[in-house]
Amino acid sequence: MPNDYMTLKALAEELTASLSGGHISKINMPADDEAILDIYCRGETRTLILCARKPVARIHLTTKKRGFSNTPPAFCMLLRKHLTGGGIAGVTLLYNDRIAAVDILSKNELHDLTRYRLIVEIGGSPNLILTDENGGIYDCTRRSALDSARPLMPGLKYTPPEQNKSNLFCVPFPTLPERLTAAEILRNYVGVSKETAAEIEFLCNAKPLPAIAEELFSLSGSPRFAPCIYVTDNKPNGFFAFPYITYNNGMFEAKRTLSEAVDAYYSGLADADSSRRATSGLRQTVKKLIAKTEKRLQDNKNRLAECAKKDILLQTGELIKCNAYAVAPGQTSMEVYDYYQDCTRSIPLDPALSPIRNAEIYYKKYAKLKGAEAYAKKEQIALTDSMNYLLNIWESLDNCTTDAELAEISAEISALNGVSKPSGKGAKKEKPSQPLRLDVGGFTVYLGKNNAQNDMVTFKLASSRDIWMHAKHCHGAHAVILTEGKEVPAPVLARVAAFTAYFSAARLSSSAEVDYTRRSNVRRLGKPGLVAYTDYKTIHVKPEEPKFIHPAQNMQRDCSGQPIPIFRPDASSS
């Protein structure tokens, strides 16, 4: 993915043509390092994203609806104060580097027309910075102290990152050598990605380097300009300003604009990154709970090992009682024949007590360990269930894709920490998330991605004669195949088993075992998502991710009356 100066320059020129003359109608920041500007221009509203977060730092237009923060960051409030209603003057690259700036004309507190510059630094350490026309910093999302090599604080003058090399596309073109290898380009110049360097080396077979560099510098106006995405395995694997000849293991899919290509590539990456950020706090909480439970399980194991010695205490008491006649007053130990172990042993005694009182002490220790062992065994079962429950939640975080699913997992974790959700008249009732619904070989299949969905799939959507599946010895999804009284063919069983394995801890395995049985053989174990099952068979499959097409017009409803989209695996995954 050539996110380099050449591509960004073409993108900046495209954004200038699309947004110049438009006015900012709304500003939002769904995260501390991502700004979204709604710009009304030529009769329509266009959405501009400026993201300063590795590895998805970028600027482009998008058609995808973005989330918003219920509590806007301070930087968002600053942008709203100065930029709302402002007009877009253009988008440029600054300092011959991957630094994009949106120039905005807006009125200040005194209603004087003022030029602002919203800068997004894409290379190095990404940052969002608001400055005035003279480079004075209002604020930025990532500040650096005054004693740092490059201070960034409100009131200071903006300074760009230091460059120790020349930009290949900004040096006088006639001074460039006739030909350079990709390694030489990367070693001597900035502004070129490794993909573009390899492409330039190949193009030098037909043209000298100065001519190529000059053409690529003015790429957006040249015949070569043809925005596209590079597709491998039916997934975008890069965006390009034109199809690179050096990329030949996949296919290029043309896009109308470079922004559209950037948006197509980053949408999946950004969703995954947002999901990771949204779940990071929950992961830390679950990780601490797992560590705490592991420690309790180890303490329980040590206690049970100690309790295993209780029978020796009982035997010792019996031996003292049987040989009490041979104990003299004040004796500190006694030698007896241990008929339990068929050997002679020495037993310590309290000389201040009688032999019978010494025996009673051993009996009491035995009774205490016997009671402790019974309690420890019950605790072991409870702790094992809790550990399985926590590991189920951990796996659910990997499968979480919607806000509703995230809210359900968050509620489970809060309950484990003793925080109950609000109830009563003023409490907001959240709609439950919906499991995946698939059509596989003419059979309807439901697949749960968290504990709440697993309970719904197993005990609400399935009948007793339906087929139930779960990855063997792995935490993850429950799946059911609605049979409607028909026999399920082996290919359908294998296909659904592969999907089930994918949404489990066996996702990255080359082969996984999946158990399946009638739903009537599955029973609850107390906590959500925990079950026991009998009379099952096992099938070996390779985990497979369902590749979906979404017929939006085809909506059905689940048992609670909520609409469920039906997903059908596409032909490419057959």
# chains A, B, ... in the order shown; residues from 1 in each chain; ligands from 1

call {"tool": "residues_around", "arguments": {"residues": "Asn108 in chain A", "least_positions_apart": "2", "cutoff": "9 Å", "atoms": "only C-alpha atoms", "output": "PyMOL selection string"}}
result
chain A and resi 81-83+106+110-114

call {"tool": "select_by_dssp", "arguments": {"residues": "range 252-347 of chain A", "states": "helix (DSSP H, G or I)", "output": "PyMOL selection string"}}
result
chain A and resi 258-307+310-322+324-326

call {"tool": "atom_distance", "arguments": {"atom1": "CA of Tyr533 in chain A", "atom2": "CA of Pro546 in chain A"}}
result
25.8 Å

call {"tool": "atom_distance", "arguments": {"atom1": "CA of Asp139 in chain A", "atom2": "CA of Leu78 in chain A"}}
result
8.1 Å

call {"tool": "residues_around", "arguments": {"residues": "Asn3 in chain A", "least_positions_apart": "3", "cutoff": "9 Å", "atoms": "only C-alpha atoms", "output": "ChimeraX atom specification"}}
result
/A:6-8,58,98,122-123,192-193,239-240

call {"tool": "residues_around", "arguments": {"residues": "range 178-185 of chain A", "least_positions_apart": "3", "cutoff": "8 Å", "atoms": "only C-alpha atoms", "output": "NGL selection string"}}
result
:A and (168 or 188-189 or 192 or 194 or 197-198 or 200-201 or 204 or 208-210)

call {"tool": "select_by_dssp", "arguments": {"residues": "range 115-284 of chain A", "states": "strand (DSSP E or B)", "output": "PyMOL selection string"}}
result
chain A and resi 115-121+127-132+136-140+144+152+157+166-167+189-190+228-232+235-240+251-254

call {"tool": "write_last_selection", "arguments": {"atoms": "N, CA and C atoms", "output": "compact mmCIF listing (two decimals), in the first residue's frame"}}
result
# COMPACT_ATOMS: atom_id res chain seq x y z
N ARG A 115 -8.00 32.65 8.77
CA ARG A 115 -7.59 31.40 8.11
C ARG A 115 -7.03 30.44 9.15
N TYR A 116 -7.62 29.25 9.20
CA TYR A 116 -7.14 28.19 10.09
C TYR A 116 -6.57 27.06 9.24
N ARG A 117 -5.74 26.27 9.88
CA ARG A 117 -5.15 25.12 9.17
C ARG A 117 -5.24 23.89 10.09
N LEU A 118 -6.00 22.88 9.62
CA LEU A 118 -6.12 21.62 10.36
C LEU A 118 -5.15 20.62 9.73
N ILE A 119 -4.13 20.28 10.49
CA ILE A 119 -3.03 19.46 9.97
C ILE A 119 -3.15 18.03 10.48
N VAL A 120 -2.97 17.05 9.60
CA VAL A 120 -2.85 15.66 10.01
C VAL A 120 -1.49 15.14 9.55
N GLU A 121 -0.66 14.77 10.50
CA GLU A 121 0.64 14.18 10.21
C GLU A 121 0.46 12.68 10.06
N ASN A 127 -0.39 12.75 14.18
CA ASN A 127 -0.88 13.79 15.07
C ASN A 127 -1.91 14.64 14.35
N LEU A 128 -2.84 15.20 15.08
CA LEU A 128 -3.80 16.19 14.57
C LEU A 128 -3.49 17.51 15.24
N ILE A 129 -3.33 18.57 14.45
CA ILE A 129 -2.91 19.87 14.97
C ILE A 129 -3.74 20.97 14.33
N LEU A 130 -4.22 21.90 15.14
CA LEU A 130 -4.94 23.08 14.64
C LEU A 130 -4.04 24.29 14.83
N THR A 131 -3.77 25.02 13.72
CA THR A 131 -2.92 26.20 13.80
C THR A 131 -3.62 27.39 13.13
N ASP A 132 -3.05 28.57 13.34
CA ASP A 132 -3.52 29.74 12.60
C ASP A 132 -2.72 29.85 11.31
N GLY A 136 0.87 29.32 14.34
CA GLY A 136 0.71 29.28 15.79
C GLY A 136 -0.25 28.15 16.18
N ILE A 137 0.16 27.34 17.12
CA ILE A 137 -0.62 26.15 17.50
C ILE A 137 -1.74 26.54 18.48
N TYR A 138 -2.97 26.18 18.13
CA TYR A 138 -4.08 26.29 19.08
C TYR A 138 -4.05 25.08 20.02
N ASP A 139 -3.93 23.89 19.45
CA ASP A 139 -3.81 22.67 20.25
C ASP A 139 -3.56 21.50 19.30
N CYS A 140 -3.24 20.34 19.88
CA CYS A 140 -3.01 19.12 19.10
C CYS A 140 -3.43 17.91 19.93
N SER A 144 3.83 17.41 22.97
CA SER A 144 5.18 17.05 23.42
C SER A 144 5.75 18.22 24.21
N LEU A 152 5.50 20.48 20.90
CA LEU A 152 4.18 20.77 20.33
C LEU A 152 3.24 21.08 21.48
N LYS A 157 4.94 27.84 17.99
CA LYS A 157 4.88 27.84 16.54
C LYS A 157 5.10 26.42 16.05
N SER A 166 16.36 14.15 0.97
CA SER A 166 15.54 14.90 0.01
C SER A 166 14.35 14.06 -0.43
N ASN A 167 13.26 14.75 -0.75
CA ASN A 167 12.08 14.07 -1.29
C ASN A 167 12.30 13.84 -2.79
N TYR A 189 16.40 8.74 -0.60
CA TYR A 189 15.30 9.69 -0.71
C TYR A 189 14.16 9.31 0.24
N VAL A 190 13.36 10.33 0.58
CA VAL A 190 12.12 10.12 1.33
C VAL A 190 10.94 10.37 0.39
N CYS A 228 -7.42 2.66 -7.82
CA CYS A 228 -7.85 1.27 -7.75
C CYS A 228 -7.45 0.67 -6.40
N ILE A 229 -8.03 -0.47 -6.12
CA ILE A 229 -7.60 -1.25 -4.95
C ILE A 229 -7.06 -2.58 -5.44
N TYR A 230 -6.12 -3.12 -4.71
CA TYR A 230 -5.51 -4.41 -5.05
C TYR A 230 -6.21 -5.47 -4.22
N VAL A 231 -6.79 -6.47 -4.88
CA VAL A 231 -7.63 -7.46 -4.22
C VAL A 231 -6.95 -8.82 -4.26
N THR A 232 -6.83 -9.45 -3.10
CA THR A 232 -6.37 -10.83 -2.99
C THR A 232 -7.30 -11.55 -2.02
N LYS A 235 -10.39 -9.78 -0.72
CA LYS A 235 -10.27 -8.72 0.26
C LYS A 235 -9.33 -7.64 -0.25
N PRO A 236 -9.65 -6.35 -0.01
CA PRO A 236 -8.73 -5.27 -0.40
C PRO A 236 -7.40 -5.41 0.34
N ASN A 237 -6.33 -5.40 -0.39
CA ASN A 237 -5.01 -5.57 0.21
C ASN A 237 -4.09 -4.39 -0.11
N GLY A 238 -4.68 -3.27 -0.48
CA GLY A 238 -3.91 -2.08 -0.77
C GLY A 238 -4.67 -1.15 -1.70
N PHE A 239 -4.33 0.14 -1.66
CA PHE A 239 -4.92 1.10 -2.59
C PHE A 239 -3.81 1.73 -3.40
N PHE A 240 -4.10 2.08 -4.65
CA PHE A 240 -3.07 2.59 -5.55
C PHE A 240 -3.65 3.72 -6.40
N MET A 251 -5.63 -9.03 -8.28
CA MET A 251 -6.27 -8.27 -9.34
C MET A 251 -6.53 -6.84 -8.85
N PHE A 252 -6.58 -5.90 -9.77
CA PHE A 252 -6.88 -4.51 -9.44
C PHE A 252 -8.34 -4.23 -9.76
N GLU A 253 -9.00 -3.58 -8.80
CA GLU A 253 -10.40 -3.21 -8.98
C GLU A 253 -10.48 -1.69 -9.08
N ALA A 254 -10.96 -1.20 -10.22
CA ALA A 254 -10.99 0.25 -10.46
C ALA A 254 -11.99 0.95 -9.54

call {"tool": "atom_distance", "arguments": {"atom1": "CA of Arg465 in chain A", "atom2": "CA of Gly448 in chain A"}}
result
18.5 Å

call {"tool": "residues_around", "arguments": {"residues": "Val336 in chain A", "least_positions_apart": "6", "cutoff": "9 Å", "atoms": "only C-alpha atoms", "output": "VMD selection string"}}
result
chain A and resid 319 to 320 323 343 to 347

call {"tool": "closest_residue", "arguments": {"among": "A:Ala10, A:Cys170, A:Met29, A:Leu438", "to": "Ala100 in chain A", "atoms": "only C-alpha atoms"}}
result
A:Ala10

call {"tool": "residues_around", "arguments": {"residues": "Ser511 in chain A", "least_positions_apart": "5", "cutoff": "7 Å", "atoms": "only C-alpha atoms", "output": "number ranges by chain"}}
result
A: 540-543

call {"tool": "closest_residue", "arguments": {"among": "A:Gly191, A:Pro72, A:Ile104, A:Leu525", "to": "Lys9 in chain A", "atoms": "only C-alpha atoms"}}
result
A:Gly191

call {"tool": "closest_atom_pairs", "arguments": {"of": "range 485-506 of chain A", "to": "range 449-464 of chain A", "cutoff": "10 Å", "atoms": "only C-alpha atoms", "output": "tab-separated table"}}
result
residue	atom	partner	partner_atom	distance
A:Thr500	CA	A:Lys449	CA	9.6
A:Phe503	CA	A:Lys449	CA	6.9
A:Ser504	CA	A:Lys449	CA	8.8

call {"tool": "write_last_selection", "arguments": {"atoms": "C-alpha atoms", "output": "mmCIF file, in the first residue's frame"}}
result
data_model
loop_
_atom_site.group_PDB
_atom_site.id
_atom_site.type_symbol
_atom_site.label_atom_id
_atom_site.label_comp_id
_atom_site.auth_asym_id
_atom_site.auth_seq_id
_atom_site.Cartn_x
_atom_site.Cartn_y
_atom_site.Cartn_z
ATOM 1 C CA THR A 500 -18.351 -23.127 14.158
ATOM 2 C CA PHE A 503 -15.717 -18.688 15.803
ATOM 3 C CA SER A 504 -13.841 -20.581 18.512
#

call {"tool": "closest_atom_pairs", "arguments": {"of": "range 235-286 of chain A", "to": "range 408-413 of chain A", "cutoff": "8 Å", "atoms": "only C-alpha atoms", "output": "tab-separated table"}}
result
residue	atom	partner	partner_atom	distance
A:Leu282	CA	A:Ser410	CA	7.0
A:Thr285	CA	A:Ile413	CA	7.8
A:Val286	CA	A:Ile413	CA	7.3

call {"tool": "write_last_selection", "arguments": {"atoms": "C-alpha atoms", "output": "short mmCIF file (atom, residue, chain, number, x, y, z; two decimals), in the first residue's frame"}}
result
data_model
loop_
_atom_site.label_atom_id
_atom_site.label_comp_id
_atom_site.auth_asym_id
_atom_site.auth_seq_id
_atom_site.Cartn_x
_atom_site.Cartn_y
_atom_site.Cartn_z
CA LEU A 282 -12.64 -5.19 28.72
CA THR A 285 -10.49 -6.62 33.11
CA VAL A 286 -11.06 -10.19 31.92
#

call {"tool": "closest_residue", "arguments": {"among": "A:Ser218, A:Ser520, A:Thr159, A:Ser18", "to": "Leu94 in chain A", "atoms": "only C-alpha atoms"}}
result
A:Thr159

call {"tool": "closest_residue", "arguments": {"among": "A:Tyr95, A:Gly155, A:Lys472, A:Val480", "to": "Leu436 in chain A", "atoms": "only C-alpha atoms"}}
result
A:Val480

call {"tool": "closest_atom_pairs", "arguments": {"of": "range 349-376 of chain A", "to": "range 381-384 of chain A", "cutoff": "12 Å", "atoms": "only C-alpha atoms", "output": "tab-separated table"}}
result
residue	atom	partner	partner_atom	distance
A:Ala374	CA	A:Ile381	CA	11.2
A:Tyr375	CA	A:Ile381	CA	10.2
A:Ala376	CA	A:Ile381	CA	8.7

call {"tool": "write_last_selection", "arguments": {"atoms": "C-alpha atoms", "output": "short mmCIF file (atom, residue, chain, number, x, y, z; two decimals), in the first residue's frame"}}
result
data_model
loop_
_atom_site.label_atom_id
_atom_site.label_comp_id
_atom_site.auth_asym_id
_atom_site.auth_seq_id
_atom_site.Cartn_x
_atom_site.Cartn_y
_atom_site.Cartn_z
CA ALA A 374 -15.23 -31.36 50.97
CA TYR A 375 -15.33 -27.57 50.72
CA ALA A 376 -12.27 -27.46 48.43
#

call {"tool": "decode", "arguments": {"residues": "range 114-140 of chain A", "atoms": "C-alpha atoms", "output": "short mmCIF file (atom, residue, chain, number, x, y, z; two decimals), in the first residue's frame"}}
result
data_model
loop_
_atom_site.label_atom_id
_atom_site.label_comp_id
_atom_site.auth_asym_id
_atom_site.auth_seq_id
_atom_site.Cartn_x
_atom_site.Cartn_y
_atom_site.Cartn_z
CA THR A 114 -9.56 34.13 9.87
CA ARG A 115 -7.59 31.40 8.11
CA TYR A 116 -7.14 28.19 10.09
CA ARG A 117 -5.15 25.12 9.17
CA LEU A 118 -6.12 21.62 10.36
CA ILE A 119 -3.03 19.46 9.97
CA VAL A 120 -2.85 15.66 10.01
CA GLU A 121 0.64 14.18 10.21
CA ILE A 122 0.42 10.76 8.58
CA GLY A 123 4.01 9.55 8.70
CA GLY A 124 6.17 8.92 11.78
CA SER A 125 4.14 9.64 14.92
CA PRO A 126 0.68 10.65 13.63
CA ASN A 127 -0.88 13.79 15.07
CA LEU A 128 -3.80 16.19 14.57
CA ILE A 129 -2.91 19.87 14.97
CA LEU A 130 -4.94 23.08 14.64
CA THR A 131 -2.92 26.20 13.80
CA ASP A 132 -3.52 29.74 12.60
CA GLU A 133 -2.31 31.00 9.23
CA ASN A 134 1.10 31.89 10.71
CA GLY A 135 1.64 28.42 12.19
CA GLY A 136 0.71 29.28 15.79
CA ILE A 137 -0.62 26.15 17.50
CA TYR A 138 -4.08 26.29 19.08
CA ASP A 139 -3.81 22.67 20.25
CA CYS A 140 -3.01 19.12 19.10
#
